[in-house]
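Participant: As input, take data.cif (mmCIF, C-alpha atoms):
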data_upload
loop_
_atom_site.label_atom_id
_atom_site.label_comp_id
_atom_site.auth_asym_id
_atom_site.auth_seq_id
_atom_site.Cartn_x
_atom_site.Cartn_y
_atom_site.Cartn_z
CA MET A 1 26.55 6.56 -3.92
CA ARG A 2 24.07 9.13 -5.26
CA ILE A 3 20.57 7.78 -4.81
CA LEU A 4 17.38 9.40 -6.08
CA ILE A 5 14.10 8.32 -4.47
CA LEU A 6 10.94 9.32 -6.31
CA GLY A 7 7.99 9.70 -3.96
CA GLY A 8 9.83 8.16 -1.02
CA THR A 9 7.69 9.45 1.86
CA GLY A 10 5.32 6.52 2.42
CA ALA A 11 5.28 3.29 4.46
CA MET A 12 8.46 1.98 2.81
CA GLY A 13 10.19 5.14 1.62
CA ASN A 14 10.44 6.83 5.02
CA HIS A 15 12.12 3.77 6.50
CA LEU A 16 14.49 3.49 3.54
CA VAL A 17 15.58 7.09 3.98
CA ASP A 18 16.20 6.45 7.69
CA LEU A 19 18.42 3.47 6.84
CA PHE A 20 20.64 5.78 4.76
CA ARG A 21 20.66 8.64 7.25
CA ASP A 22 24.13 9.73 8.42
CA THR A 23 25.91 7.50 5.89
CA ASP A 24 28.35 8.47 3.14
CA ASN A 25 25.58 8.18 0.55
CA GLU A 26 23.90 11.24 -0.95
CA ILE A 27 20.13 10.71 -0.81
CA VAL A 28 17.71 12.96 -2.71
CA ILE A 29 13.96 12.50 -2.25
CA THR A 30 11.15 14.13 -4.21
CA THR A 31 8.14 15.21 -2.18
CA ARG A 32 5.09 17.40 -2.76
CA ALA A 33 5.25 18.69 0.82
CA ASN A 34 7.99 20.84 2.32
CA ARG A 35 10.38 18.72 4.40
CA ARG A 36 13.57 19.63 6.18
CA SER A 37 16.83 18.35 4.70
CA SER A 38 19.69 17.23 6.92
CA TYR A 39 23.31 16.20 6.36
CA ASN A 40 23.20 13.63 3.54
CA ILE A 41 19.39 13.67 3.12
CA LYS A 42 17.99 16.28 0.72
CA TYR A 43 14.31 16.79 -0.04
CA ILE A 44 13.27 18.46 -3.29
CA THR A 45 9.74 19.85 -3.31
CA GLY A 46 7.75 19.10 -6.45
CA ASN A 47 5.58 16.57 -8.24
CA ALA A 48 7.70 13.77 -9.69
CA LYS A 49 4.96 13.12 -12.28
CA ASP A 50 5.48 16.60 -13.70
CA ASP A 51 7.75 16.32 -16.75
CA GLU A 52 9.45 19.69 -16.32
CA PHE A 53 10.23 18.99 -12.66
CA LEU A 54 11.54 15.50 -13.41
CA ASN A 55 13.60 16.56 -16.43
CA LYS A 56 15.70 18.88 -14.27
CA ILE A 57 16.47 16.08 -11.81
CA LEU A 58 17.25 13.48 -14.49
CA HIS A 59 19.75 15.78 -16.19
CA GLU A 60 22.03 14.63 -13.40
CA SER A 61 23.51 11.14 -13.19
CA TRP A 62 22.42 8.79 -10.39
CA ASP A 63 23.92 5.53 -9.17
CA THR A 64 20.46 4.30 -8.23
CA ILE A 65 16.92 5.55 -8.79
CA ILE A 66 14.20 4.03 -6.59
CA ASP A 67 10.73 4.71 -7.95
CA PHE A 68 7.75 4.61 -5.55
CA MET A 69 5.47 6.52 -7.92
CA VAL A 70 2.19 5.07 -9.20
CA TYR A 71 1.78 5.50 -12.96
CA THR A 72 -0.73 4.68 -15.62
CA THR A 73 0.80 2.38 -18.21
CA ILE A 74 0.94 5.22 -20.75
CA GLU A 75 2.69 7.52 -18.27
CA PHE A 76 5.25 4.84 -17.49
CA LYS A 77 5.90 4.03 -21.15
CA ASN A 78 6.53 7.69 -21.91
CA ARG A 79 9.23 8.14 -19.29
CA ILE A 80 10.92 4.79 -18.72
CA ASN A 81 13.79 5.34 -21.22
CA GLN A 82 14.59 8.65 -19.58
CA LEU A 83 14.70 6.98 -16.16
CA LEU A 84 16.85 4.08 -17.33
CA ASN A 85 19.29 6.41 -19.09
CA ALA A 86 19.81 8.48 -15.93
CA THR A 87 21.05 5.67 -13.66
CA SER A 88 23.11 2.52 -13.27
CA GLN A 89 20.24 0.79 -11.45
CA TYR A 90 16.56 1.61 -11.67
CA ILE A 91 14.48 -0.04 -8.92
CA PHE A 92 10.80 -0.24 -9.84
CA LEU A 93 8.25 -0.74 -7.07
CA SER A 94 5.70 -3.10 -8.52
CA SER A 95 3.31 -5.11 -6.34
CA SER A 96 2.60 -8.72 -5.41
CA ARG A 97 -0.98 -8.00 -6.39
CA VAL A 98 0.18 -8.89 -9.91
CA TYR A 99 0.05 -12.60 -9.00
CA ALA A 100 -2.86 -14.87 -9.85
CA ASP A 101 -4.45 -17.06 -7.21
CA SER A 102 -2.22 -19.90 -6.04
CA LYS A 103 -2.66 -22.91 -3.76
CA GLU A 104 1.11 -23.04 -3.32
CA LYS A 105 3.40 -20.43 -1.82
CA ILE A 106 3.95 -17.71 -4.39
CA LYS A 107 7.37 -17.47 -6.02
CA GLU A 108 8.63 -14.73 -8.32
CA THR A 109 7.95 -17.06 -11.26
CA SER A 110 4.33 -17.77 -10.24
CA PRO A 111 1.67 -16.86 -12.84
CA ARG A 112 0.51 -13.26 -13.03
CA LEU A 113 -3.10 -12.20 -13.49
CA LEU A 114 -2.20 -10.38 -16.69
CA ASP A 115 -0.94 -13.63 -18.22
CA VAL A 116 -3.63 -16.09 -17.11
CA SER A 117 -6.88 -14.19 -16.52
CA THR A 118 -9.74 -14.86 -18.95
CA ASP A 119 -11.87 -11.97 -17.67
CA GLN A 120 -11.89 -9.75 -20.77
CA GLU A 121 -13.65 -6.86 -19.03
CA TYR A 122 -10.99 -6.88 -16.32
CA LEU A 123 -8.16 -7.17 -18.85
CA SER A 124 -9.50 -4.13 -20.72
CA LYS A 125 -8.78 -1.97 -17.65
CA ASP A 126 -5.57 -0.38 -16.45
CA GLU A 127 -6.40 -1.51 -12.90
CA TYR A 128 -3.52 -1.32 -10.41
CA SER A 129 -2.39 -4.97 -10.58
CA LEU A 130 -2.64 -5.05 -14.39
CA ALA A 131 -0.88 -1.71 -14.76
CA LYS A 132 2.01 -2.88 -12.60
CA ALA A 133 2.36 -6.10 -14.61
CA ARG A 134 2.29 -4.21 -17.91
CA GLN A 135 4.92 -1.80 -16.63
CA GLU A 136 7.08 -4.76 -15.61
CA ASP A 137 6.82 -5.99 -19.22
CA ILE A 138 7.83 -2.59 -20.55
CA LEU A 139 10.98 -2.81 -18.43
CA LYS A 140 11.72 -6.36 -19.57
CA ASN A 141 11.28 -5.36 -23.22
CA SER A 142 13.27 -2.13 -22.92
CA GLY A 143 16.44 -3.65 -24.36
CA LYS A 144 18.29 -2.64 -21.19
CA ASN A 145 19.26 -4.63 -18.13
CA ASN A 146 19.90 -1.92 -15.51
CA TRP A 147 16.58 -2.48 -13.69
CA THR A 148 15.33 -4.43 -10.68
CA ILE A 149 11.67 -5.12 -9.94
CA ILE A 150 10.42 -5.25 -6.34
CA ARG A 151 6.99 -6.72 -5.51
CA PRO A 152 6.00 -5.84 -1.92
CA TYR A 153 2.64 -6.89 -0.52
CA ILE A 154 0.44 -5.01 1.98
CA THR A 155 3.08 -3.03 3.81
CA TYR A 156 2.11 -1.35 7.05
CA SER A 157 3.51 1.42 9.23
CA SER A 158 2.28 3.68 12.01
CA ASN A 159 0.48 5.75 9.36
CA ARG A 160 -0.91 2.85 7.32
CA LEU A 161 -2.99 0.21 9.06
CA GLN A 162 -5.10 -1.73 6.57
CA LEU A 163 -7.97 -4.13 7.16
CA GLY A 164 -8.73 -5.98 3.93
CA ILE A 165 -9.29 -3.19 1.40
CA LEU A 166 -10.01 -0.69 4.17
CA GLU A 167 -7.60 2.08 5.10
CA LYS A 168 -7.61 3.32 8.69
CA GLU A 169 -10.04 6.10 7.71
CA ASP A 170 -12.59 3.41 6.78
CA TRP A 171 -12.49 1.30 9.93
CA LEU A 172 -10.35 2.77 12.72
CA TYR A 173 -11.97 6.20 12.62
CA ARG A 174 -15.33 4.59 13.39
CA ALA A 175 -13.92 2.60 16.28
CA LEU A 176 -12.32 5.63 17.90
CA LYS A 177 -15.64 7.48 17.63
CA GLY A 178 -17.46 4.67 19.44
CA ARG A 179 -19.14 3.14 16.40
CA SER A 180 -19.01 -0.40 15.06
CA ILE A 181 -16.33 -1.60 12.67
CA VAL A 182 -18.01 -2.91 9.50
CA PHE A 183 -16.00 -5.53 7.60
CA SER A 184 -16.55 -8.28 5.04
CA GLU A 185 -17.22 -11.76 6.40
CA ASP A 186 -15.83 -13.22 3.16
CA ILE A 187 -12.50 -11.37 3.26
CA ASN A 188 -12.30 -11.99 7.01
CA SER A 189 -11.83 -15.72 6.37
CA LYS A 190 -9.03 -15.34 3.80
CA LEU A 191 -5.31 -15.70 4.39
CA THR A 192 -3.05 -12.68 3.93
CA THR A 193 0.57 -11.63 4.35
CA MET A 194 1.43 -8.24 5.85
CA THR A 195 4.96 -6.86 5.98
CA PHE A 196 6.43 -4.06 8.08
CA GLY A 197 7.59 -1.19 5.85
CA LEU A 198 11.01 -1.22 7.54
CA ASP A 199 11.59 -4.85 6.50
CA VAL A 200 10.76 -4.05 2.88
CA ALA A 201 13.17 -1.11 3.10
CA LYS A 202 15.91 -3.42 4.41
CA GLY A 203 15.39 -5.72 1.44
CA ILE A 204 15.56 -2.84 -1.02
CA LYS A 205 18.71 -1.45 0.60
CA ALA A 206 20.36 -4.87 0.38
CA ILE A 207 20.09 -5.09 -3.42
CA ILE A 208 21.13 -1.50 -4.18
CA GLY A 209 24.34 -1.46 -6.18
CA ASP A 210 24.45 -5.26 -6.54
CA SER A 211 25.01 -6.24 -10.17
CA ASP A 212 23.53 -9.69 -9.52
CA ALA A 213 20.18 -8.02 -8.78
CA LEU A 214 19.95 -6.40 -12.21
CA SER A 215 17.20 -7.72 -14.49
CA GLU A 216 15.77 -9.65 -11.54
CA VAL A 217 12.42 -9.69 -9.76
CA PHE A 218 12.05 -9.97 -5.97
CA HIS A 219 9.11 -9.97 -3.67
CA ILE A 220 9.92 -8.81 -0.16
CA THR A 221 7.35 -10.15 2.26
CA SER A 222 6.92 -11.47 5.75
CA GLN A 223 7.76 -15.10 6.51
CA THR A 224 4.32 -15.83 7.90
CA SER A 225 0.71 -15.50 6.79
CA LEU A 226 -2.43 -15.13 8.86
CA LEU A 227 -6.17 -14.80 8.43
CA TRP A 228 -7.72 -11.35 8.16
CA SER A 229 -9.75 -12.35 11.22
CA GLU A 230 -6.45 -12.66 13.10
CA VAL A 231 -5.34 -9.24 11.85
CA LEU A 232 -8.64 -7.81 13.07
CA ASN A 233 -8.12 -9.46 16.44
CA ILE A 234 -4.66 -7.83 16.78
CA TYR A 235 -6.26 -4.45 16.15
CA LEU A 236 -9.08 -5.15 18.61
CA ASN A 237 -6.62 -6.15 21.34
CA VAL A 238 -4.81 -2.81 20.99
CA LEU A 239 -8.10 -0.90 20.96
CA ASP A 240 -9.30 -2.78 24.04
CA ASN A 241 -6.22 -1.55 25.94
CA TYR A 242 -6.54 1.97 24.54
CA LEU A 243 -10.29 2.50 24.91
CA GLY A 244 -10.97 0.30 27.90
CA TYR A 245 -13.47 -1.73 25.90
CA ARG A 246 -13.54 -3.88 22.77
CA PRO A 247 -15.24 -2.21 19.78
CA LYS A 248 -18.16 -4.02 18.20
CA VAL A 249 -17.58 -5.63 14.80
CA VAL A 250 -20.28 -6.22 12.20
CA LEU A 251 -19.38 -8.69 9.45
CA ASP A 252 -21.47 -8.06 6.35
CA ASN A 253 -21.84 -10.15 3.20
CA LEU A 254 -19.65 -9.26 0.25
CA GLU A 255 -22.48 -7.83 -1.86
CA ASN A 256 -23.39 -5.28 0.82
CA PHE A 257 -19.75 -4.59 1.66
CA GLN A 258 -19.05 -3.59 -1.94
CA ILE A 259 -21.82 -1.00 -1.73
CA TYR A 260 -19.83 0.74 1.02
CA HIS A 261 -16.45 0.23 -0.65
CA SER A 262 -16.60 -0.54 -4.36
CA ALA A 263 -13.02 -1.73 -5.00
CA THR A 264 -14.41 -4.63 -7.02
CA TYR A 265 -11.26 -5.81 -8.78
CA GLN A 266 -9.04 -5.44 -5.72
CA ILE A 267 -11.51 -7.62 -3.82
CA MET A 268 -12.10 -10.20 -6.58
CA TYR A 269 -8.53 -10.52 -7.75
CA ASP A 270 -6.59 -10.10 -4.55
CA ARG A 271 -8.31 -9.94 -1.18
CA MET A 272 -10.45 -12.98 -2.00
CA PHE A 273 -7.25 -14.96 -2.69
CA ASN A 274 -5.25 -16.71 0.03
CA ARG A 275 -1.83 -15.04 -0.12
CA LYS A 276 1.29 -16.93 1.03
CA PHE A 277 4.81 -16.19 -0.21
CA ASP A 278 8.12 -17.97 -0.65
CA ASN A 279 10.72 -15.26 0.02
CA SER A 280 13.82 -17.44 -0.37
CA LYS A 281 15.09 -15.36 -3.30
CA ILE A 282 15.42 -12.10 -1.36
CA ALA A 283 16.76 -14.15 1.58
CA LYS A 284 20.04 -14.37 -0.33
CA TYR A 285 20.45 -10.63 0.28
CA VAL A 286 18.80 -9.98 3.66
CA ASN A 287 18.07 -12.12 6.73
CA VAL A 288 14.32 -12.64 6.47
CA ASP A 289 14.35 -14.52 9.78
CA GLU A 290 14.90 -11.14 11.44
CA PHE A 291 11.80 -9.61 9.86
CA THR A 292 9.26 -8.33 12.38
CA THR A 293 6.41 -10.72 13.16
CA THR A 294 3.04 -9.42 12.04
CA GLU A 295 1.56 -9.41 15.53
CA ASP A 296 4.49 -7.50 17.06
CA GLY A 297 4.83 -5.11 14.14
CA LEU A 298 1.14 -4.25 13.82
CA THR A 299 0.79 -3.85 17.58
CA LYS A 300 3.73 -1.45 17.88
CA CYS A 301 2.74 0.56 14.81
CA PHE A 302 -0.86 0.82 15.99
CA GLU A 303 0.18 1.89 19.49
CA LYS A 304 2.47 4.54 17.97
CA PHE A 305 -0.36 5.86 15.79
CA LEU A 306 -2.67 6.13 18.80
CA LEU A 307 -0.22 8.47 20.54
CA GLN A 308 -1.26 11.13 18.04
CA PRO A 309 -4.04 9.85 15.76
CA THR A 310 -4.63 11.78 12.55
CA PHE A 311 -6.90 10.90 9.64
CA LYS A 312 -7.23 11.93 6.02
CA GLN A 313 -10.60 12.74 4.46
CA ILE A 314 -13.52 10.57 5.59
CA ASN A 315 -15.95 9.06 3.06
CA TRP A 316 -19.26 10.25 4.52
CA ARG A 317 -21.36 8.36 2.00
CA ALA A 318 -19.79 5.09 3.15
CA GLU A 319 -20.06 6.12 6.79
CA ALA A 320 -23.77 6.86 6.36
CA LEU A 321 -24.44 3.48 4.78
CA LYS A 322 -22.51 1.68 7.51
CA ASP A 323 -24.38 3.64 10.18
CA ARG A 324 -27.63 2.54 8.53
CA LYS A 325 -26.45 -1.09 8.67
CA THR A 326 -25.44 -0.87 12.33
CA LYS A 327 -28.35 1.41 13.33
CA GLU A 328 -25.86 3.98 14.59
CA PHE A 329 -25.64 7.73 14.00
CA THR A 330 -22.82 10.22 13.51
CA HIS A 331 -23.34 13.58 15.18
CA LEU A 332 -23.37 16.30 12.54
CA CYS A 333 -20.87 18.37 14.53
CA GLU A 334 -18.33 15.68 13.63
CA ILE A 335 -18.82 16.29 9.89
CA HIS A 336 -17.09 19.32 8.39
CA GLY A 337 -18.88 21.25 5.69
CA PHE A 338 -22.54 21.73 4.84
CA LYS A 339 -22.40 19.57 1.69
CA GLN A 340 -20.84 16.66 3.59
CA LYS A 341 -23.52 16.91 6.29
CA VAL A 342 -26.24 16.80 3.64
CA LYS A 343 -24.58 13.85 1.91
CA TYR A 344 -24.43 11.96 5.19
CA LEU A 345 -28.10 12.62 6.00
CA LEU A 346 -29.27 11.63 2.52
CA TYR A 347 -27.45 8.29 2.52
CA ARG A 348 -28.19 7.59 6.17
CA PHE A 349 -31.96 8.09 5.91
CA LEU A 350 -33.16 8.42 2.30
CA ILE A 351 -30.98 6.99 -0.50
CA ASN A 352 -30.74 3.19 -0.77
#
Let me see the structure of the file written as structure tokens.
Facilitator:
Amino acid sequence: MRILILGGTGAMGNHLVDLFRDTDNEIVITTRANRRSSYNIKYITGNAKDDEFLNKILHESWDTIIDFMVYTTIEFKNRINQLLNATSQYIFLSSSRVYADSKEKIKETSPRLLDVSTDQEYLSKDEYSLAKARQEDILKNSGKNNWTIIRPYITYSSNRLQLGILEKEDWLYRALKGRSIVFSEDINSKLTTMTFGLDVAKGIKAIIGDSDALSEVFHITSQTSLLWSEVLNIYLNVLDNYLGYRPKVVLDNLENFQIYHSATYQIMYDRMFNRKFDNSKIAKYVNVDEFTTTEDGLTKCFEKFLLQPTFKQINWRAEALKDRKTKEFTHLCEIHGFKQKVKYLLYRFLIN
């Protein structure tokens, strides 16, 4: 098979590529960074959201296209026919954030926020969960049936270790520098479901080329759910072994927490929901009983990250406000750039 993966270098895509390595399949992956190709794996450097770059690739015919890209609804609408025409199966990575709150385990037919929300201000946005749901509808109304929708939920890997809405740069960086982790007491008490990126990749691989999966929707999630407080405890156990002490945690109220990290809709319409999933539909294609448990998976991924920890850009405004809350201080030698140092000092000592 000839398989094109758009943007396949993240928590799920890297594992999916590894599953196809040294097989008879031809795998082509778009990436904005230079990567080394090998045997049946070919990386093409370029931005898959650039029309000229994508047009050249889609002039060829593909058995399957797997799309990890994040689009605005307008962007998606403008290119979906071109994508569908270039392949026998287009796999669209949506998100289980599309679902509304549910007291029952979520099934693929459970209500979506787009369909049941009465928050008109929210519905006027192209926020991530709404955009994904609208793009699902564009696929369903395309007049074609050569698509499959995947809805993963909070996937993790050795490079992505989330805590509520926080990426590792927002909580782990502080801990490794000896400062307190600042988290939301409200989110801390909610139930979540985290899934190892490799397990999602196994589910995707299982439905590739299967005609029964066309025009279907699947979420691929872990079997078990746990509280965010339990996730935090898993992280703290690893840090205790790594640092020789357990980092301090400060749980702030939601109003203050949103001053540090203002992802209002993600908090209101996802992280403040209790998320449990029924994954019996994808279980017809892959053995979900063999999925990695959250404790084992997070622990191993975290330990792997700590072998060579690297971080993306740090939000020094947020760090300053959290330092003010915890009465801690970041040494200026830790902050790169004069403007960032000034920003930190202003928000740490002057700006409320």
Participant: Tell me, counting all atoms listed in the file, for each residue of stretch 217-237 of chain A within 12 Å of stretch 297-307 of chain A, which pair of atoms is nearest and how far apart they are in Å to one decimal, in rows ordered by chain and increasing number, as CSV.
Facilitator:
residue,atom,partner,partner_atom,distance
A:Ser222,CA,A:Gly297,CA,10.7
A:Glu230,CA,A:Leu298,CA,11.4
A:Val231,CA,A:Leu298,CA,8.4
A:Leu232,CA,A:Leu298,CA,10.4
A:Asn233,CA,A:Thr299,CA,10.6
A:Ile234,CA,A:Thr299,CA,6.8
A:Tyr235,CA,A:Thr299,CA,7.2
A:Leu236,CA,A:Thr299,CA,10.0
A:Asn237,CA,A:Thr299,CA,8.6
Participant: Expand the PyMOL selection byres ((chain A and resi 74) around 12) into the individual residues it matches in the shown file, reporting them as a PyMOL selection string.
Facilitator: chain A and resi 70-73+75-80+126+131-132+134-135+138
Participant: Please dump the current selection as a CSV table (one decimal), in the frame of the given file; keep C-alpha atoms.
Facilitator:
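Here's the written file out_31.csv:
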chain,number,residue,atom,x,y,z
A,70,VAL,CA,2.2,5.1,-9.2
A,71,TYR,CA,1.8,5.5,-13.0
A,72,THR,CA,-0.7,4.7,-15.6
A,73,THR,CA,0.8,2.4,-18.2
A,75,GLU,CA,2.7,7.5,-18.3
A,76,PHE,CA,5.2,4.8,-17.5
A,77,LYS,CA,5.9,4.0,-21.2
A,78,ASN,CA,6.5,7.7,-21.9
A,79,ARG,CA,9.2,8.1,-19.3
A,80,ILE,CA,10.9,4.8,-18.7
A,126,ASP,CA,-5.6,-0.4,-16.4
A,131,ALA,CA,-0.9,-1.7,-14.8
A,132,LYS,CA,2.0,-2.9,-12.6
A,134,ARG,CA,2.3,-4.2,-17.9
A,135,GLN,CA,4.9,-1.8,-16.6
A,138,ILE,CA,7.8,-2.6,-20.6
Participant: For A:Ser129, which of A:Tyr245, A:Tyr39, A:Tyr153, A:Trp147 is the closest residue, counting only C-alpha atoms?
Facilitator: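 Checking each candidate against A:Ser129, we get A:Tyr153 as the closest.
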Participant: Nearest to A:Glu319: which of A:Tyr128, A:Tyr265, A:Tyr173, A:Phe273 is it, counting all atoms listed in the file?
Facilitator: A:Tyr173
Participant: Just give me the gap between atom CA of A:His261 and atom CA of A:Ser110 in Å, one decimal is fine.
Facilitator: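 Interatomic distance here is 29.1 Å.
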Participant: Using Å and a single decimal, report how far atom CA of A:Gln89 sits from atom CA of A:Asn279.
Facilitator: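 Distance reported for this atom pair: 21.9 Å.
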Participant: For this structure, which residues satisfy the selection - the PyMOL selection byres ((chain A and resi 100) around 6) - when it is evaluated on the file as given? I want them as a PyMOL selection string.
Facilitator: chain A and resi 99+101+111-113
Participant: Give me the residues within 8 Å of A:Ile91 as number ranges by chain, counting all atoms listed in the file and dropping any in the same chain fewer than 6 places off.
Facilitator: A: 64-67, 147-150
Participant: Could you list the residues chosen by the PyMOL selection byres ((chain A and resi 8) around 12) in this structure as a PyMOL selection string?
Facilitator: chain A and resi 3-7+9-18+27-33+35+41-45+47-48+65-70+93+197+201
Participant: I'd like to know which of A:Thr87, A:Thr292, A:Asp278, A:Ala263 is closest to A:Glu104, using only C-alpha atoms.
Facilitator: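 Result for the nearest residue to A:Glu104: A:Asp278.
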Participant: May I have the protein, DNA and RNA residues with an atom at most 8 Å from (-20.5, -11.7, 0.5), counting all atoms listed in the file in the file's coordinates, returned as a ChimeraX atom specification?
Facilitator: /A:184-186,252-257
Participant: Using only C-alpha atoms and a cutoff of 10 Å, can you tell me which residues are near (11.4, -8.0, 8.8) in the file's coordinates, and write them out as a list in words?
Facilitator: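 Applying the cut-off with only C-alpha atoms, one gets Thr195, Phe196, Gly197, Leu198, Asp199, Val200, Ala201, Lys202, Gly203, Ile220, Thr221, Ser222, Gln223, Val286, Asn287, Val288, Asp289, Glu290, Phe291, Thr292, Thr293, Thr294 and Gly297 of chain A.
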Participant: To one decimal in Å, tell me the separation between atom CA of A:Asn315 and atom CA of A:Asp170.
Facilitator: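 Separation of atom CA of A:Asn315 and atom CA of A:Asp170: 7.6 Å.
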Participant: Excluding stretch 324-340 of chain A and any residue of its chain fewer than 4 positions from it, enumerate the residues within 10 Å of it, using all atoms listed in the file, and give them as an mmCIF file with C-alpha atoms, in the frame of the given file.
Facilitator:
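Result saved to out01.cif:
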data_model
loop_
_atom_site.group_PDB
_atom_site.id
_atom_site.type_symbol
_atom_site.label_atom_id
_atom_site.label_comp_id
_atom_site.auth_asym_id
_atom_site.auth_seq_id
_atom_site.Cartn_x
_atom_site.Cartn_y
_atom_site.Cartn_z
ATOM 1 C CA ARG A 174 -15.330 4.590 13.390
ATOM 2 C CA LYS A 177 -15.640 7.480 17.630
ATOM 3 C CA GLY A 178 -17.460 4.670 19.440
ATOM 4 C CA ARG A 179 -19.140 3.140 16.400
ATOM 5 C CA SER A 180 -19.010 -0.400 15.060
ATOM 6 C CA ILE A 181 -16.330 -1.600 12.670
ATOM 7 C CA VAL A 182 -18.010 -2.910 9.500
ATOM 8 C CA LYS A 248 -18.160 -4.020 18.200
ATOM 9 C CA VAL A 249 -17.580 -5.630 14.800
ATOM 10 C CA VAL A 250 -20.280 -6.220 12.200
ATOM 11 C CA ASP A 252 -21.470 -8.060 6.350
ATOM 12 C CA ASN A 256 -23.390 -5.280 0.820
ATOM 13 C CA ILE A 314 -13.520 10.570 5.590
ATOM 14 C CA ASN A 315 -15.950 9.060 3.060
ATOM 15 C CA TRP A 316 -19.260 10.250 4.520
ATOM 16 C CA ARG A 317 -21.360 8.360 2.000
ATOM 17 C CA ALA A 318 -19.790 5.090 3.150
ATOM 18 C CA GLU A 319 -20.060 6.120 6.790
ATOM 19 C CA ALA A 320 -23.770 6.860 6.360
ATOM 20 C CA TYR A 344 -24.430 11.960 5.190
ATOM 21 C CA LEU A 345 -28.100 12.620 6.000
ATOM 22 C CA LEU A 346 -29.270 11.630 2.520
ATOM 23 C CA TYR A 347 -27.450 8.290 2.520
ATOM 24 C CA ARG A 348 -28.190 7.590 6.170
ATOM 25 C CA PHE A 349 -31.960 8.090 5.910
ATOM 26 C CA ASN A 352 -30.740 3.190 -0.770
#
Participant: Please rebuild stretch 200-212 of chain A with N, CA and C atoms and give the result as an mmCIF file, keeping the file's coordinate frame.
Facilitator:
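Output contents, as saved in selection24.cif:
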data_model
loop_
_atom_site.group_PDB
_atom_site.id
_atom_site.type_symbol
_atom_site.label_atom_id
_atom_site.label_comp_id
_atom_site.auth_asym_id
_atom_site.auth_seq_id
_atom_site.Cartn_x
_atom_site.Cartn_y
_atom_site.Cartn_z
ATOM 1 N N VAL A 200 10.680 -4.231 4.329
ATOM 2 C CA VAL A 200 10.760 -4.050 2.880
ATOM 3 C C VAL A 200 11.934 -3.129 2.547
ATOM 4 N N ALA A 201 12.077 -2.059 3.320
ATOM 5 C CA ALA A 201 13.170 -1.110 3.100
ATOM 6 C C ALA A 201 14.530 -1.793 3.254
ATOM 7 N N LYS A 202 14.655 -2.682 4.225
ATOM 8 C CA LYS A 202 15.910 -3.420 4.410
ATOM 9 C C LYS A 202 16.226 -4.279 3.188
ATOM 10 N N GLY A 203 15.197 -4.909 2.640
ATOM 11 C CA GLY A 203 15.390 -5.720 1.440
ATOM 12 C C GLY A 203 15.819 -4.889 0.250
ATOM 13 N N ILE A 204 15.188 -3.726 0.084
ATOM 14 C CA ILE A 204 15.560 -2.840 -1.020
ATOM 15 C C ILE A 204 16.997 -2.360 -0.862
ATOM 16 N N LYS A 205 17.348 -1.937 0.341
ATOM 17 C CA LYS A 205 18.710 -1.450 0.600
ATOM 18 C C LYS A 205 19.749 -2.515 0.280
ATOM 19 N N ALA A 206 19.397 -3.778 0.556
ATOM 20 C CA ALA A 206 20.360 -4.870 0.380
ATOM 21 C C ALA A 206 20.708 -5.125 -1.086
ATOM 22 N N ILE A 207 19.806 -4.790 -2.009
ATOM 23 C CA ILE A 207 20.090 -5.090 -3.420
ATOM 24 C C ILE A 207 20.588 -3.864 -4.182
ATOM 25 N N ILE A 208 20.644 -2.707 -3.517
ATOM 26 C CA ILE A 208 21.130 -1.500 -4.180
ATOM 27 C C ILE A 208 22.620 -1.648 -4.512
ATOM 28 N N GLY A 209 22.947 -1.402 -5.752
ATOM 29 C CA GLY A 209 24.340 -1.460 -6.180
ATOM 30 C C GLY A 209 24.870 -2.858 -6.428
ATOM 31 N N ASP A 210 24.024 -3.874 -6.318
ATOM 32 C CA ASP A 210 24.450 -5.260 -6.540
ATOM 33 C C ASP A 210 24.157 -5.648 -7.976
ATOM 34 N N SER A 211 25.189 -5.926 -8.748
ATOM 35 C CA SER A 211 25.010 -6.240 -10.170
ATOM 36 C C SER A 211 24.220 -7.534 -10.376
ATOM 37 N N ASP A 212 24.272 -8.434 -9.402
ATOM 38 C CA ASP A 212 23.530 -9.690 -9.520
ATOM 39 C C ASP A 212 22.010 -9.475 -9.434
#
